[in-house]
file model.txt (compact mmCIF, C-alpha atoms)
# COMPACT_ATOMS: atom_id res chain seq x y z
CA MET A 1 23.22 -47.26 -83.55
CA ALA A 2 22.55 -43.54 -83.79
CA GLU A 3 18.86 -43.68 -82.89
CA PRO A 4 19.21 -45.02 -79.39
CA SER A 5 21.87 -42.49 -78.70
CA VAL A 6 19.61 -39.81 -80.11
CA LEU A 7 16.67 -41.19 -78.16
CA SER A 8 18.83 -41.47 -75.12
CA GLY A 9 20.03 -38.02 -75.75
CA SER A 10 16.48 -36.88 -76.25
CA GLU A 11 15.39 -38.58 -73.07
CA ILE A 12 18.31 -37.15 -71.21
CA SER A 13 17.57 -33.74 -72.60
CA ALA A 14 13.94 -34.00 -71.55
CA THR A 15 14.94 -35.16 -68.14
CA GLU A 16 17.38 -32.32 -67.78
CA GLU A 17 14.71 -29.87 -68.97
CA THR A 18 12.27 -31.21 -66.43
CA THR A 19 14.87 -30.98 -63.72
CA GLN A 20 15.75 -27.42 -64.71
CA THR A 21 12.04 -26.47 -64.75
CA ASP A 22 11.23 -28.01 -61.33
CA SER A 23 14.36 -26.98 -59.49
CA PRO A 24 13.62 -23.19 -59.06
CA THR A 25 10.14 -23.87 -57.70
CA SER A 26 11.49 -26.42 -55.24
CA GLU A 27 14.22 -24.05 -54.14
CA ILE A 28 11.77 -21.15 -53.71
CA ASP A 29 9.33 -23.33 -51.73
CA SER A 30 12.19 -24.51 -49.59
CA LEU A 31 13.37 -20.93 -49.09
CA PHE A 32 9.91 -19.71 -48.05
CA SER A 33 9.54 -22.73 -45.78
CA GLU A 34 12.76 -21.85 -44.02
CA VAL A 35 11.80 -18.17 -43.71
CA SER A 36 8.36 -19.09 -42.35
CA SER A 37 9.71 -21.44 -39.71
CA SER A 38 12.51 -19.09 -38.66
CA SER A 39 10.15 -16.10 -38.30
CA ALA A 40 7.59 -17.84 -36.06
CA LEU A 41 7.10 -16.21 -32.65
CA LYS A 42 8.42 -18.57 -29.99
CA LEU A 43 7.69 -18.66 -26.25
CA SER A 44 9.58 -20.33 -23.44
CA PHE A 45 9.86 -20.00 -19.65
CA SER A 46 12.97 -18.33 -18.24
CA ASN A 47 14.12 -19.36 -14.75
CA PRO A 48 10.66 -20.47 -13.57
CA PRO A 49 10.05 -20.51 -9.79
CA THR A 50 10.35 -23.92 -8.17
CA GLN A 51 9.56 -23.55 -4.45
CA PRO A 52 7.29 -20.58 -3.63
CA TYR A 53 5.48 -19.88 -0.36
CA VAL A 54 1.75 -19.49 0.07
CA GLY A 55 1.17 -15.72 0.24
CA GLU A 56 4.30 -14.87 -1.74
CA ILE A 57 4.33 -12.70 -4.86
CA ILE A 58 6.40 -14.57 -7.45
CA ALA A 59 7.77 -13.58 -10.85
CA LEU A 60 7.07 -15.74 -13.91
CA THR A 61 9.18 -14.71 -16.91
CA VAL A 62 8.57 -15.77 -20.52
CA LYS A 63 11.14 -15.39 -23.28
CA LEU A 64 9.98 -14.29 -26.75
CA SER A 65 12.12 -14.79 -29.82
CA PRO A 66 13.21 -13.75 -32.36
CA VAL A 67 13.75 -10.19 -31.18
CA ASP A 68 12.64 -8.48 -34.42
CA LEU A 69 9.17 -10.04 -34.11
CA ALA A 70 8.81 -9.93 -30.33
CA SER A 71 9.69 -6.22 -30.16
CA GLY A 72 6.29 -5.37 -31.65
CA ASN A 73 3.05 -4.95 -29.74
CA ILE A 74 2.34 -8.29 -28.08
CA GLU A 75 -0.92 -9.33 -26.43
CA TYR A 76 -0.98 -12.30 -24.06
CA THR A 77 -3.67 -14.81 -23.27
CA LEU A 78 -3.33 -16.57 -19.90
CA GLN A 79 -5.61 -19.45 -19.04
CA ASP A 80 -6.06 -22.59 -16.94
CA GLU A 81 -4.10 -21.32 -13.93
CA GLU A 82 -4.97 -22.73 -10.50
CA GLY A 83 -4.20 -21.64 -6.94
CA ILE A 84 -2.68 -18.31 -8.05
CA ARG A 85 -3.93 -14.82 -8.89
CA ILE A 86 -2.42 -12.36 -11.34
CA PHE A 87 -0.98 -9.48 -9.31
CA SER A 88 0.01 -7.19 -12.17
CA ASP A 89 -1.81 -7.32 -15.52
CA THR A 90 0.95 -5.57 -17.45
CA PRO A 91 4.22 -7.53 -17.69
CA ARG A 92 7.59 -5.87 -17.17
CA ARG A 93 9.76 -6.03 -20.28
CA ASN A 94 13.51 -6.51 -20.53
CA VAL A 95 15.09 -6.56 -24.00
CA LYS A 96 18.23 -8.65 -24.52
CA GLU A 97 20.17 -9.82 -27.57
CA ASP A 98 18.78 -13.36 -27.50
CA GLY A 99 15.16 -12.40 -26.92
CA ILE A 100 12.62 -10.26 -25.11
CA TYR A 101 11.80 -11.19 -21.52
CA ASP A 102 8.35 -10.31 -20.20
CA THR A 103 7.73 -10.87 -16.49
CA PHE A 104 4.31 -11.49 -14.93
CA TYR A 105 3.67 -11.41 -11.17
CA PHE A 106 1.35 -13.81 -9.39
CA LEU A 107 0.15 -14.14 -5.81
CA ILE A 108 0.35 -17.72 -4.50
CA GLN A 109 -2.97 -18.55 -2.84
CA SER A 110 -2.84 -22.30 -2.12
CA THR A 111 -0.41 -25.18 -1.72
CA SER A 112 -1.39 -26.82 -5.03
CA ILE A 113 -0.82 -24.44 -7.93
CA ARG A 114 -0.63 -24.50 -11.71
CA PHE A 115 0.92 -21.74 -13.77
CA PRO A 116 -1.13 -20.62 -16.79
CA THR A 117 -0.85 -21.72 -20.37
CA ILE A 118 0.35 -18.63 -22.25
CA THR A 119 -0.23 -17.60 -25.85
CA ALA A 120 1.29 -14.49 -27.47
CA THR A 121 -0.32 -12.60 -30.35
CA LEU A 122 1.51 -10.07 -32.52
CA THR A 123 -1.16 -7.39 -32.94
CA THR A 124 0.37 -5.81 -36.06
CA THR A 125 0.14 -9.01 -38.14
CA GLY A 126 -2.14 -11.25 -36.12
CA ALA A 127 0.56 -13.92 -35.86
CA VAL A 128 -0.04 -16.23 -32.90
CA SER A 129 2.58 -18.28 -31.08
CA GLU A 130 2.22 -21.90 -30.17
CA PRO A 131 0.73 -22.18 -26.64
CA LEU A 132 3.33 -22.39 -23.88
CA ASN A 133 1.88 -25.01 -21.55
CA GLY A 134 1.82 -24.17 -17.86
CA TYR A 135 3.15 -26.53 -15.23
CA SER A 136 2.12 -27.57 -11.73
CA LEU A 137 4.00 -27.55 -8.43
CA ASN A 138 3.40 -27.41 -4.68
CA ALA A 139 3.85 -24.26 -2.59
CA ILE A 140 5.17 -24.24 0.98
CA THR A 141 2.79 -23.35 3.80
CA LEU A 142 4.36 -21.33 6.62
CA THR A 143 3.97 -22.21 10.29
CA PRO A 144 4.06 -18.67 11.73
CA PRO A 145 4.65 -17.46 15.30
CA PRO A 146 1.73 -15.96 17.32
CA LYS A 147 2.54 -12.32 16.45
CA TYR A 148 2.77 -12.95 12.70
CA ALA A 149 1.24 -10.06 10.68
CA ASN A 150 0.32 -12.27 7.69
CA VAL A 151 2.75 -10.77 5.15
CA LEU A 152 5.85 -11.96 3.32
CA ALA A 153 8.27 -9.41 1.88
CA ASP A 154 11.78 -8.87 0.63
CA LYS A 155 11.88 -5.82 2.90
CA PHE A 156 9.40 -4.36 5.41
CA THR A 157 10.31 -1.02 7.01
CA ILE A 158 8.43 1.14 9.54
CA LEU A 159 8.94 4.76 8.46
CA ASN A 160 7.21 6.58 11.34
CA TYR A 161 4.57 6.10 14.03
CA LYS A 162 2.46 7.90 16.62
CA THR A 163 0.38 6.81 19.59
CA THR A 164 -2.54 8.79 21.01
CA VAL A 165 -5.24 8.05 23.53
CA TYR A 166 -8.37 6.49 22.04
CA ASN A 167 -10.46 6.19 25.22
CA ASN A 168 -9.95 5.44 28.90
CA GLU A 169 -9.01 1.82 28.22
CA SER A 170 -7.09 1.88 24.93
CA ASN A 171 -4.64 3.70 22.68
CA VAL A 172 -4.57 4.08 18.91
CA VAL A 173 -1.24 3.49 17.18
CA ILE A 174 -0.82 4.94 13.68
CA PHE A 175 2.21 3.97 11.61
CA THR A 176 3.50 4.16 8.04
CA VAL A 177 5.25 1.25 6.33
CA LYS A 178 7.22 0.76 3.12
CA ALA A 179 7.57 -2.79 1.76
CA SER A 180 8.94 -4.50 -1.35
CA ARG A 181 7.50 -7.61 -3.09
CA CYS A 182 4.78 -7.76 -0.50
CA ASN A 183 1.01 -8.26 -0.65
CA ILE A 184 0.43 -5.48 1.84
CA ASN A 185 -3.35 -5.90 1.56
CA ASP A 186 -3.13 -9.01 3.79
CA PHE A 187 -1.50 -7.16 6.71
CA ARG A 188 -3.20 -7.86 10.05
CA ILE A 189 -2.22 -7.38 13.71
CA ALA A 190 -3.12 -10.30 15.95
CA ASP A 191 -5.41 -9.61 18.96
CA ALA A 192 -6.09 -5.95 18.08
CA ILE A 193 -9.30 -4.36 19.38
CA LYS A 194 -9.77 -2.65 16.03
CA GLN A 195 -7.53 -2.05 13.04
CA GLY A 196 -7.53 -0.96 9.43
CA PHE A 197 -5.89 0.92 6.58
CA GLU A 198 -5.95 4.69 6.49
CA SER A 199 -4.23 4.67 3.11
CA ARG A 200 -2.38 2.15 0.98
CA LEU A 201 -0.58 1.88 -2.35
CA SER A 202 0.06 -1.70 -3.46
CA ASN A 203 2.74 -2.34 -6.09
CA VAL A 204 5.07 -5.23 -6.86
CA GLY A 205 8.25 -3.21 -6.51
CA GLU A 206 7.30 -1.02 -3.55
CA SER A 207 4.14 -0.76 -1.48
CA GLN A 208 3.22 1.81 1.16
CA MET A 209 0.50 1.98 3.77
CA THR A 210 -0.68 4.03 6.72
CA TYR A 211 -2.26 1.70 9.26
CA TYR A 212 -4.04 2.18 12.57
CA VAL A 213 -4.48 -0.32 15.37
CA ILE A 214 -6.32 0.11 18.67
CA ILE A 215 -4.80 -1.82 21.56
CA PRO A 216 -5.26 -1.86 25.37
CA ASN A 217 -3.44 0.99 27.11
CA SER A 218 -1.72 -1.59 29.32
CA GLU A 219 0.50 -2.58 26.37
CA GLN A 220 3.98 -1.06 26.45
CA ASN A 221 4.89 -2.07 22.88
CA LEU A 222 3.18 -3.06 19.65
CA ASN A 223 4.95 -6.23 18.52
CA PHE A 224 4.49 -8.14 15.27
CA SER A 225 6.56 -10.09 12.74
CA TYR A 226 6.76 -10.71 9.00
CA PHE A 227 8.49 -13.37 6.89
CA ASN A 228 11.64 -12.04 5.23
CA LEU A 229 11.85 -13.72 1.79
CA GLN A 230 15.49 -12.79 1.26
CA LYS A 231 16.67 -14.16 4.60
CA GLN A 232 14.10 -17.00 4.67
CA ARG A 233 13.12 -16.31 8.27
CA TYR A 234 10.67 -14.42 10.47
CA GLU A 235 11.71 -10.97 11.62
CA ALA A 236 10.19 -9.21 14.62
CA LEU A 237 9.32 -5.51 14.63
CA THR A 238 8.51 -3.36 17.67
CA ILE A 239 6.76 -0.01 17.97
CA PRO A 240 7.18 1.51 21.45
CA ILE A 241 3.98 2.92 22.93
CA VAL A 242 4.69 6.55 23.79
CA VAL A 243 1.46 8.54 24.06
CA ASP A 244 1.87 11.75 22.10
CA ASP A 245 -0.10 15.01 22.17
CA ASP A 246 -0.79 15.89 18.55
CA THR A 247 -3.15 18.22 16.72
CA VAL A 248 -3.97 15.28 14.46
CA SER A 249 -4.89 13.01 17.36
CA THR A 250 -8.33 11.53 17.86
CA GLN A 251 -9.12 11.06 21.53
CA SER A 252 -6.15 12.87 23.07
CA ASP A 253 -8.16 15.70 24.63
CA LEU A 254 -10.12 13.22 26.75
CA SER A 255 -6.95 12.07 28.42
CA PRO A 256 -6.67 12.91 32.17
CA THR A 257 -3.00 13.67 31.53
CA ASP A 258 -3.94 16.33 28.99
CA ALA A 259 -6.41 17.87 31.45
CA ARG A 260 -3.73 18.05 34.12
CA HIS A 261 -1.38 19.74 31.64
CA THR A 262 -4.01 22.40 30.90
CA GLU A 263 -4.68 22.97 34.60
CA LEU A 264 -0.96 23.29 35.27
CA LYS A 265 -0.53 25.86 32.49
CA VAL A 266 -3.47 27.90 33.78
CA ALA A 267 -2.10 27.74 37.35
CA VAL A 268 1.31 28.97 36.17
CA ALA A 269 -0.34 31.80 34.22
CA ILE A 270 -2.33 32.86 37.33
CA ILE A 271 0.83 32.89 39.46
CA ILE A 272 2.63 35.05 36.85
CA VAL A 273 -0.32 37.48 36.77
CA LEU A 274 -0.30 37.73 40.58
CA ILE A 275 3.46 38.31 40.70
CA LEU A 276 3.29 41.03 38.03
CA ALA A 277 0.30 42.65 39.76
CA GLY A 278 2.22 42.68 43.06
CA LEU A 279 5.25 44.27 41.40
CA PHE A 280 3.00 46.90 39.83
CA TYR A 281 1.50 47.90 43.22
CA TRP A 282 4.95 47.85 44.82
CA ARG A 283 6.94 49.78 42.23
CA ARG A 284 4.09 51.59 40.42
CA GLN A 285 5.60 50.88 37.01
CA LYS A 286 3.01 50.34 34.27
CA TRP A 287 5.06 47.91 32.19
CA TYR A 288 4.40 45.25 34.88
CA LEU A 289 0.72 45.72 34.21
CA TYR A 290 1.24 45.50 30.45
CA ALA A 291 3.32 42.32 30.87
CA SER A 292 0.49 40.66 32.82
CA ALA A 293 -1.89 41.05 29.84
CA LEU A 294 -0.48 38.06 27.94
CA PRO A 295 -0.97 35.41 30.68
CA MET A 296 -4.39 36.95 31.43
CA PHE A 297 -5.45 36.46 27.82
CA TYR A 298 -4.28 32.83 28.02
CA ILE A 299 -6.37 32.24 31.15
CA ILE A 300 -9.45 33.74 29.49
CA PHE A 301 -8.86 31.72 26.30
CA ALA A 302 -8.43 28.47 28.28
CA PHE A 303 -11.81 28.90 29.93
CA LEU A 304 -13.71 29.93 26.81
CA PRO A 305 -16.16 27.23 25.66
CA ASN A 306 -15.56 25.58 22.28
CA GLN A 307 -17.73 26.64 19.35
CA ASP A 308 -20.69 24.45 18.44
CA ILE A 309 -21.18 23.43 14.81
CA CYS A 310 -24.14 21.82 13.06
CA VAL A 311 -23.43 18.46 11.40
CA LYS A 312 -25.81 16.88 8.88
CA LYS A 313 -27.68 13.64 9.41
CA ASP A 314 -25.81 10.50 8.21
CA ALA A 315 -22.51 12.38 8.16
CA PRO A 316 -19.46 10.10 8.54
CA VAL A 317 -17.23 10.66 11.57
CA TYR A 318 -13.62 9.73 10.80
CA LEU A 319 -10.99 8.31 13.08
CA LEU A 320 -8.34 10.59 11.53
CA PRO A 321 -8.49 13.70 9.32
CA ILE A 322 -7.45 11.75 6.23
CA ARG A 323 -9.29 11.50 2.92
CA ASN A 324 -10.78 8.00 2.51
CA GLY A 325 -9.96 7.38 6.17
CA THR A 326 -11.68 5.01 8.55
CA ILE A 327 -15.29 5.85 9.45
CA PHE A 328 -16.09 4.70 12.97
CA GLU A 329 -19.49 6.32 13.41
CA MET A 330 -22.35 8.02 11.52
CA THR A 331 -24.55 10.82 12.84
CA LEU A 332 -28.09 9.50 13.32
CA GLN A 333 -29.66 12.94 13.01
CA GLU A 334 -28.69 16.56 12.54
CA GLU A 335 -26.48 17.29 15.54
CA HIS A 336 -24.84 20.29 17.18
CA LEU A 337 -21.37 19.19 18.25
CA GLU A 338 -18.57 20.92 20.12
CA ALA A 339 -15.82 21.79 17.64
CA GLU A 340 -12.13 22.33 18.30
CA LYS A 341 -9.34 22.36 15.78
CA GLU A 342 -9.24 22.31 12.00
CA VAL A 343 -6.86 20.25 9.88
CA GLY A 344 -7.34 20.84 6.15
CA ASP A 345 -10.95 20.04 5.25
CA PHE A 346 -11.65 18.38 8.61
CA ILE A 347 -12.92 19.69 11.95
CA LYS A 348 -12.32 17.91 15.24
CA VAL A 349 -15.56 17.39 17.19
CA HIS A 350 -16.71 15.97 20.53
CA LEU A 351 -19.44 13.37 20.15
CA SER A 352 -22.33 12.90 22.56
CA ASP A 353 -20.85 9.62 23.86
CA GLY A 354 -17.62 11.36 24.89
CA LYS A 355 -15.49 10.25 21.95
CA VAL A 356 -13.65 12.60 19.62
CA GLY A 357 -13.63 12.30 15.84
CA TRP A 358 -13.31 14.31 12.65
CA VAL A 359 -16.00 15.52 10.26
CA ASN A 360 -15.49 16.90 6.79
CA LYS A 361 -16.53 20.52 6.24
CA ARG A 362 -18.79 19.43 3.38
CA ASP A 363 -20.96 17.59 5.97
CA LEU A 364 -21.77 20.75 7.94
CA CYS A 365 -25.30 22.12 7.83
CA SER A 366 -25.84 24.71 5.13
CA ASN A 367 -27.60 27.06 7.53
call {"tool": "encode", "arguments": {"input": "model.txt", "output": "structure tokens"}}
result
Amino acid sequence: MAEPSVLSGSEISATEETTQTDSPTSEIDSLFSEVSSSSALKLSFSNPPTQPYVGEIIALTVKLSPVDLASGNIEYTLQDEEGIRIFSDTPRRNVKEDGIYDTFYFLIQSTSIRFPTITATLTTTGAVSEPLNGYSLNAITLTPPPKYANVLADKFTILNYKTTVYNNESNVVIFTVKASRCNINDFRIADAIKQGFESRLSNVGESQMTYYVIIPNSEQNLNFSYFNLQKQRYEALTIPIVVDDDTVSTQSDLSPTDARHTELKVAVAIIIVLILAGLFYWRRQKWYLYASALPMFYIIFAFLPNQDICVKKDAPVYLLPIRNGTIFEMTLQEEHLEAEKEVGDFIKVHLSDGKVGWVNKRDLCSN
């Protein structure tokens, strides 16, 4: 009777010993398993776009969690996207309690698009997240009005503008624009004779550009429109054409109006000189003669010929005196050109075909 109970006891004891021996290992394995799964870097989309427009810059935000892992240095791999182009390589980060939100910006280029599959790598440890699969959707194609300038933006503001004479048939309008969430590189004016960027700075948040457009001088306004993304409608913009005399103008000195202004000033100066000379002979007071010296100097200065300068062969002639500005002509040989004003490193010159442009001082002949 005692043996079975002893055997049973022995068996029970052995069983208990085995259980006590295995239990810590099982608990430790379970503990590490839980820690491993809870510390894995996780990716998910946050408020993904659903109905973008072709030509729009859209934000695609991914959420990384947990925060203690995601706050390290993260490198992303983006692949298999279609119909879109990355607009900003470096994502914008926003840290919240429930995770870290990194936002990428893409330019929508076609109606059928697919967002990329994204993988995050923690550079300090080499830990890699599970791939976050991209998804596909259709973008809306706009049906724009005739004067559409080919840009979509949250805001598009004309800061300033000038119009000067380009030649006998056309004017050049130069204007500066500030825009937000806009691919300003696509800006174009419909039916312009010639157009281009003088300067531009393209960013997601705020872009700026200085743009020139040559239009017939019969036009009273420069009209164009853009698509306002916030209001979901086209908005028309108008630049009034008011020809301006400016030291930074291109063809303004060829204008007949400018010539008449010069002639009028000279005529007024001559009349003043004659009146002062008459008063001198009548009253014999020398200060009348001294007072006539200033208008006389102006008359002499107005009729003095402009200085000639030597410009190297293959020197670029710029539309405006702006660094990296538009080149509209190259000198075919070493030329002696009539020079006028200087603006910074540029000199205004008359070309042999009657046009006026700007050459950089570094392109002058060394002799």
call {"tool": "residues_around", "arguments": {"input": "model.txt", "residues": "Lys348 of chain A", "least_positions_apart": "4", "cutoff": "6 Å", "atoms": "only C-alpha atoms", "output": "list in words"}}
result
Ala339, Glu340, Lys341, Gly357 and Trp358 of chain A
call {"tool": "residues_around", "arguments": {"input": "model.txt", "residues": "Leu64 of chain A", "least_positions_apart": "3", "cutoff": "7 Å", "atoms": "all atoms listed in the file", "output": "ChimeraX atom specification"}}
result
/A:41-44,70,99-101
call {"tool": "closest_residue", "arguments": {"input": "model.txt", "among": "A:Ile184, A:Leu69, A:Ile189, A:Ile86", "to": "Asn203 of chain A", "atoms": "all atoms listed in the file"}}
result
A:Ile184
call {"tool": "atom_distance", "arguments": {"input": "model.txt", "atom1": "atom CA of Val54 of chain A", "atom2": "atom CA of Leu142 of chain A"}}
result
7.3 Å
call {"tool": "residues_around", "arguments": {"input": "model.txt", "residues": "segment 146-157 of chain A", "least_positions_apart": "4", "cutoff": "9 Å", "atoms": "all atoms listed in the file", "output": "count of residues only"}}
result
32
call {"tool": "residues_around", "arguments": {"input": "model.txt", "residues": "Ile327 of chain A", "least_positions_apart": "3", "cutoff": "10 Å", "atoms": "only C-alpha atoms", "output": "list in words"}}
result
Glu198, Ala315, Pro316, Val317, Tyr318, Leu319, Leu320, Asn324, Met330, Gly357, Trp358 and Val359 of chain A
call {"tool": "axis_aligned_box", "arguments": {"input": "model.txt", "around": "segment 317-333 of chain A", "padding_each_side": "5 Å", "output": "JSON"}}
result
{"center_x": -18.6, "center_y": 9.2, "center_z": 8.0, "size_x": 32.2, "size_y": 19.0, "size_z": 20.9}
call {"tool": "residues_around", "arguments": {"input": "model.txt", "residues": "Thr50 of chain A", "least_positions_apart": "4", "cutoff": "9 Å", "atoms": "all atoms listed in the file", "output": "list of chain:residue names"}}
result
A:Leu137, A:Asn138, A:Ala139
call {"tool": "closest_residue", "arguments": {"input": "model.txt", "among": "A:Ala40, A:Val173, A:Ile84, A:Ile272", "to": "Ser129 of chain A", "atoms": "all atoms listed in the file"}}
result
A:Ala40
call {"tool": "atom_distance", "arguments": {"input": "model.txt", "atom1": "atom CA of Trp282 of chain A", "atom2": "atom CA of Leu264 of chain A"}}
result
27.0 Å
